[in-house]
Amino acid sequence: MSSLYDVIPPAAGADVPVRRITVEVNGESRTMDVEPRLLLVHMLRQGLELTGTHSGCDTTSCGACTVLVDGRPVKSCTMFAVMADGKKVETVEGMGTASELHPVQEGFKQEHGLQCGFCTPGMMLASKALLERNPNPTEDEVRWALSGNLCRCTGYQNIVKSVLWAAEKMRNDQPQEA
Ligand code: FES
Ligand code: FES
């Protein structure tokens, strides 16, 4: 068990209540003591040092902090860590490895879907969730699924192409029925 009690500034006084939560993060069960006010994004970035989850606006606008909670995209700047108790959280660190990229990551590489990369983790997780529920999306459906994620570099065209590339690869990788 690790405690996030004293890593989130300002350090909480002894009278501040904490709650013990257990969250499955990228397939690993993590038990932590957290203050009820702690946001999920801060639990991930500061507590678990999963800094691939970015914090852009802190106001639910940009989507840079998007993670998957039980498979659904969630803006982690607007969810308290205690709300993730008992749930599965996936961050960009859980998507693939350097030698074995997730098809969505591969798509962003193949189609040059990133510039500065700040929005990219959130874009990729929102895309993964889309392709899991809709393996063959239209361009409009991709744009709609990513409408909560802003790219300040404005490279939307290549982001959409990246997701469509990943969708095709995932369909092609499916075992064919006999
Ligand atoms: S940091 Fe969460 S939506 Fe911008
Ligand atoms: S690639 Fe820079 S914000 Fe999207």
# chains A, B, ... in the order shown; residues from 1 in each chain; ligands from 1

$ residues_around --residues "Glu93 (chain A)" --least-positions-apart "3" --cutoff "10 Å" --atoms "only C-alpha atoms" --output "list of chain:residue names"
A:Val25, A:Asn26, A:Leu50, A:Thr51, A:Gly52, A:Thr53, A:Glu90, A:Gly96, A:Thr97, A:Pro121

$ select_by_dssp --residues "chain A" --states "strand (DSSP E or B)" --output "ChimeraX atom specification"
/A:2-3,19-25,28-34,39,66-69,72-75,80,88-90

$ write_last_selection --atoms "C-alpha atoms" --output "CSV table (one decimal), in the first residue's frame"
chain,number,residue,atom,x,y,z
A,2,SER,CA,1.2,3.5,-0.7
A,3,SER,CA,-0.1,6.7,0.7
A,19,ARG,CA,-10.0,7.3,2.5
A,20,ARG,CA,-8.4,4.0,1.5
A,21,ILE,CA,-9.2,3.1,-2.1
A,22,THR,CA,-8.1,0.2,-4.4
A,23,VAL,CA,-7.9,0.9,-8.1
A,24,GLU,CA,-6.7,-1.3,-10.9
A,25,VAL,CA,-4.3,0.8,-12.8
A,28,GLU,CA,-2.1,-3.7,-11.5
A,29,SER,CA,-4.1,-3.3,-8.2
A,30,ARG,CA,-3.0,-0.2,-6.3
A,31,THR,CA,-4.2,0.5,-2.8
A,32,MET,CA,-3.8,4.1,-1.5
A,33,ASP,CA,-4.9,6.5,1.2
A,34,VAL,CA,-6.2,9.6,-0.5
A,39,LEU,CA,-8.5,14.5,-8.3
A,66,THR,CA,-8.5,11.7,-20.7
A,67,VAL,CA,-8.1,8.1,-19.3
A,68,LEU,CA,-10.3,5.1,-19.6
A,69,VAL,CA,-12.3,4.1,-16.5
A,72,ARG,CA,-15.0,4.6,-21.0
A,73,PRO,CA,-13.1,7.8,-21.7
A,74,VAL,CA,-13.2,10.1,-18.7
A,75,LYS,CA,-11.6,13.5,-18.1
A,80,PHE,CA,-12.2,12.5,-7.8
A,88,LYS,CA,-10.2,-0.2,-13.7
A,89,VAL,CA,-8.2,2.7,-15.0
A,90,GLU,CA,-6.2,2.7,-18.1

$ residues_around --residues "Thr60 (chain A)" --least-positions-apart "3" --cutoff "9 Å" --atoms "only C-alpha atoms" --output "MDAnalysis selection string"
chainID A and resid 57 63 65 75:78 148

$ atom_distance --atom1 "CA of Gln115 (chain A)" --atom2 "atom 3 (S, counted along the ligand's line) of ligand 2"
6.9 Å

$ select_by_dssp --residues "region 96-165 of chain A" --states "alpha helix (DSSP H)" --output "PyMOL selection string"
chain A and resi 103-110+120-133+139-145+156-165

$ atom_distance --atom1 "CA of Ser99 (chain A)" --atom2 "CA of Gly56 (chain A)"
28.5 Å

$ atom_distance --atom1 "CA of Leu131 (chain A)" --atom2 "CA of Ala167 (chain A)"
6.4 Å

$ decode --residues "region 43-82 of chain A" --atoms "N, CA and C atoms" --output "tab-separated table (two decimals), in the first residue's frame"
chain	number	residue	atom	x	y	z
A	43	MET	N	-3.87	11.96	-8.69
A	43	MET	CA	-3.52	10.64	-8.18
A	43	MET	C	-2.59	9.93	-9.16
A	44	LEU	N	-2.93	10.02	-10.45
A	44	LEU	CA	-2.13	9.33	-11.47
A	44	LEU	C	-0.77	9.99	-11.65
A	45	ARG	N	-0.77	11.30	-11.80
A	45	ARG	CA	0.49	11.99	-12.13
A	45	ARG	C	1.43	12.10	-10.94
A	46	GLN	N	0.90	12.56	-9.82
A	46	GLN	CA	1.78	12.82	-8.68
A	46	GLN	C	1.92	11.60	-7.78
A	47	GLY	N	0.82	10.90	-7.59
A	47	GLY	CA	0.87	9.77	-6.69
A	47	GLY	C	1.52	8.56	-7.31
A	48	LEU	N	1.14	8.23	-8.55
A	48	LEU	CA	1.65	7.01	-9.19
A	48	LEU	C	2.71	7.32	-10.24
A	49	GLU	N	3.00	8.59	-10.43
A	49	GLU	CA	4.03	9.03	-11.39
A	49	GLU	C	3.76	8.56	-12.82
A	50	LEU	N	2.48	8.49	-13.16
A	50	LEU	CA	2.08	8.15	-14.52
A	50	LEU	C	1.84	9.48	-15.26
A	51	THR	N	2.93	10.08	-15.66
A	51	THR	CA	2.84	11.45	-16.18
A	51	THR	C	2.46	11.53	-17.66
A	52	GLY	N	2.16	10.37	-18.24
A	52	GLY	CA	1.62	10.40	-19.60
A	52	GLY	C	0.23	11.00	-19.64
A	53	THR	N	-0.47	10.98	-18.53
A	53	THR	CA	-1.76	11.66	-18.43
A	53	THR	C	-1.47	13.14	-18.22
A	54	HIS	N	-1.86	13.96	-19.18
A	54	HIS	CA	-1.51	15.38	-19.11
A	54	HIS	C	-2.64	16.20	-18.50
A	55	SER	N	-2.25	17.33	-17.95
A	55	SER	CA	-3.23	18.25	-17.39
A	55	SER	C	-3.12	19.56	-18.13
A	56	GLY	N	-4.18	19.90	-18.88
A	56	GLY	CA	-4.10	21.10	-19.71
A	56	GLY	C	-4.88	22.26	-19.17
A	57	CYS	N	-6.16	22.05	-18.91
A	57	CYS	CA	-7.03	23.17	-18.56
A	57	CYS	C	-7.61	23.08	-17.16
A	58	ASP	N	-7.72	21.87	-16.64
A	58	ASP	CA	-8.33	21.64	-15.32
A	58	ASP	C	-9.79	22.05	-15.27
A	59	THR	N	-10.41	22.22	-16.42
A	59	THR	CA	-11.81	22.66	-16.43
A	59	THR	C	-12.67	21.83	-17.38
A	60	THR	N	-12.28	20.61	-17.65
A	60	THR	CA	-13.06	19.70	-18.50
A	60	THR	C	-13.18	20.17	-19.93
A	61	SER	N	-12.27	21.00	-20.39
A	61	SER	CA	-12.42	21.52	-21.75
A	61	SER	C	-11.52	20.84	-22.77
A	62	CYS	N	-10.27	20.52	-22.38
A	62	CYS	CA	-9.29	20.17	-23.41
A	62	CYS	C	-9.15	18.67	-23.69
A	63	GLY	N	-9.45	17.84	-22.70
A	63	GLY	CA	-9.34	16.39	-22.91
A	63	GLY	C	-7.94	15.83	-22.79
A	64	ALA	N	-6.95	16.66	-22.48
A	64	ALA	CA	-5.57	16.16	-22.36
A	64	ALA	C	-5.45	15.12	-21.24
A	65	CYS	N	-6.34	15.21	-20.27
A	65	CYS	CA	-6.26	14.34	-19.10
A	65	CYS	C	-7.10	13.08	-19.26
A	66	THR	N	-7.57	12.80	-20.47
A	66	THR	CA	-8.48	11.66	-20.69
A	66	THR	C	-7.81	10.34	-20.35
A	67	VAL	N	-8.48	9.54	-19.55
A	67	VAL	CA	-8.07	8.15	-19.28
A	67	VAL	C	-9.32	7.28	-19.48
A	68	LEU	N	-9.14	5.98	-19.47
A	68	LEU	CA	-10.30	5.10	-19.55
A	68	LEU	C	-10.62	4.58	-18.15
A	69	VAL	N	-11.88	4.69	-17.77
A	69	VAL	CA	-12.34	4.15	-16.50
A	69	VAL	C	-13.39	3.09	-16.85
A	70	ASP	N	-13.06	1.86	-16.52
A	70	ASP	CA	-13.90	0.73	-16.93
A	70	ASP	C	-14.19	0.80	-18.44
A	71	GLY	N	-13.16	1.18	-19.18
A	71	GLY	CA	-13.25	1.17	-20.65
A	71	GLY	C	-13.85	2.41	-21.26
A	72	ARG	N	-14.32	3.35	-20.45
A	72	ARG	CA	-14.96	4.55	-21.02
A	72	ARG	C	-14.06	5.77	-20.82
A	73	PRO	N	-13.98	6.63	-21.84
A	73	PRO	CA	-13.13	7.82	-21.68
A	73	PRO	C	-13.69	8.77	-20.63
A	74	VAL	N	-12.80	9.21	-19.76
A	74	VAL	CA	-13.20	10.12	-18.68
A	74	VAL	C	-12.12	11.20	-18.58
A	75	LYS	N	-12.55	12.43	-18.35
A	75	LYS	CA	-11.59	13.50	-18.13
A	75	LYS	C	-11.20	13.46	-16.65
A	76	SER	N	-9.96	13.06	-16.41
A	76	SER	CA	-9.57	12.76	-15.03
A	76	SER	C	-9.39	14.00	-14.19
A	77	CYS	N	-9.49	15.20	-14.80
A	77	CYS	CA	-9.44	16.42	-13.99
A	77	CYS	C	-10.78	16.74	-13.38
A	78	THR	N	-11.80	15.98	-13.75
A	78	THR	CA	-13.12	16.26	-13.18
A	78	THR	C	-13.67	15.06	-12.45
A	79	MET	N	-12.80	14.13	-12.09
A	79	MET	CA	-13.25	12.96	-11.34
A	79	MET	C	-12.38	12.86	-10.09
A	80	PHE	N	-13.00	12.68	-8.96
A	80	PHE	CA	-12.21	12.49	-7.75
A	80	PHE	C	-11.62	11.08	-7.75
A	81	ALA	N	-10.45	10.96	-7.15
A	81	ALA	CA	-9.80	9.65	-7.07
A	81	ALA	C	-10.68	8.64	-6.34
A	82	VAL	N	-11.39	9.10	-5.31
A	82	VAL	CA	-12.24	8.16	-4.56
A	82	VAL	C	-13.34	7.56	-5.43
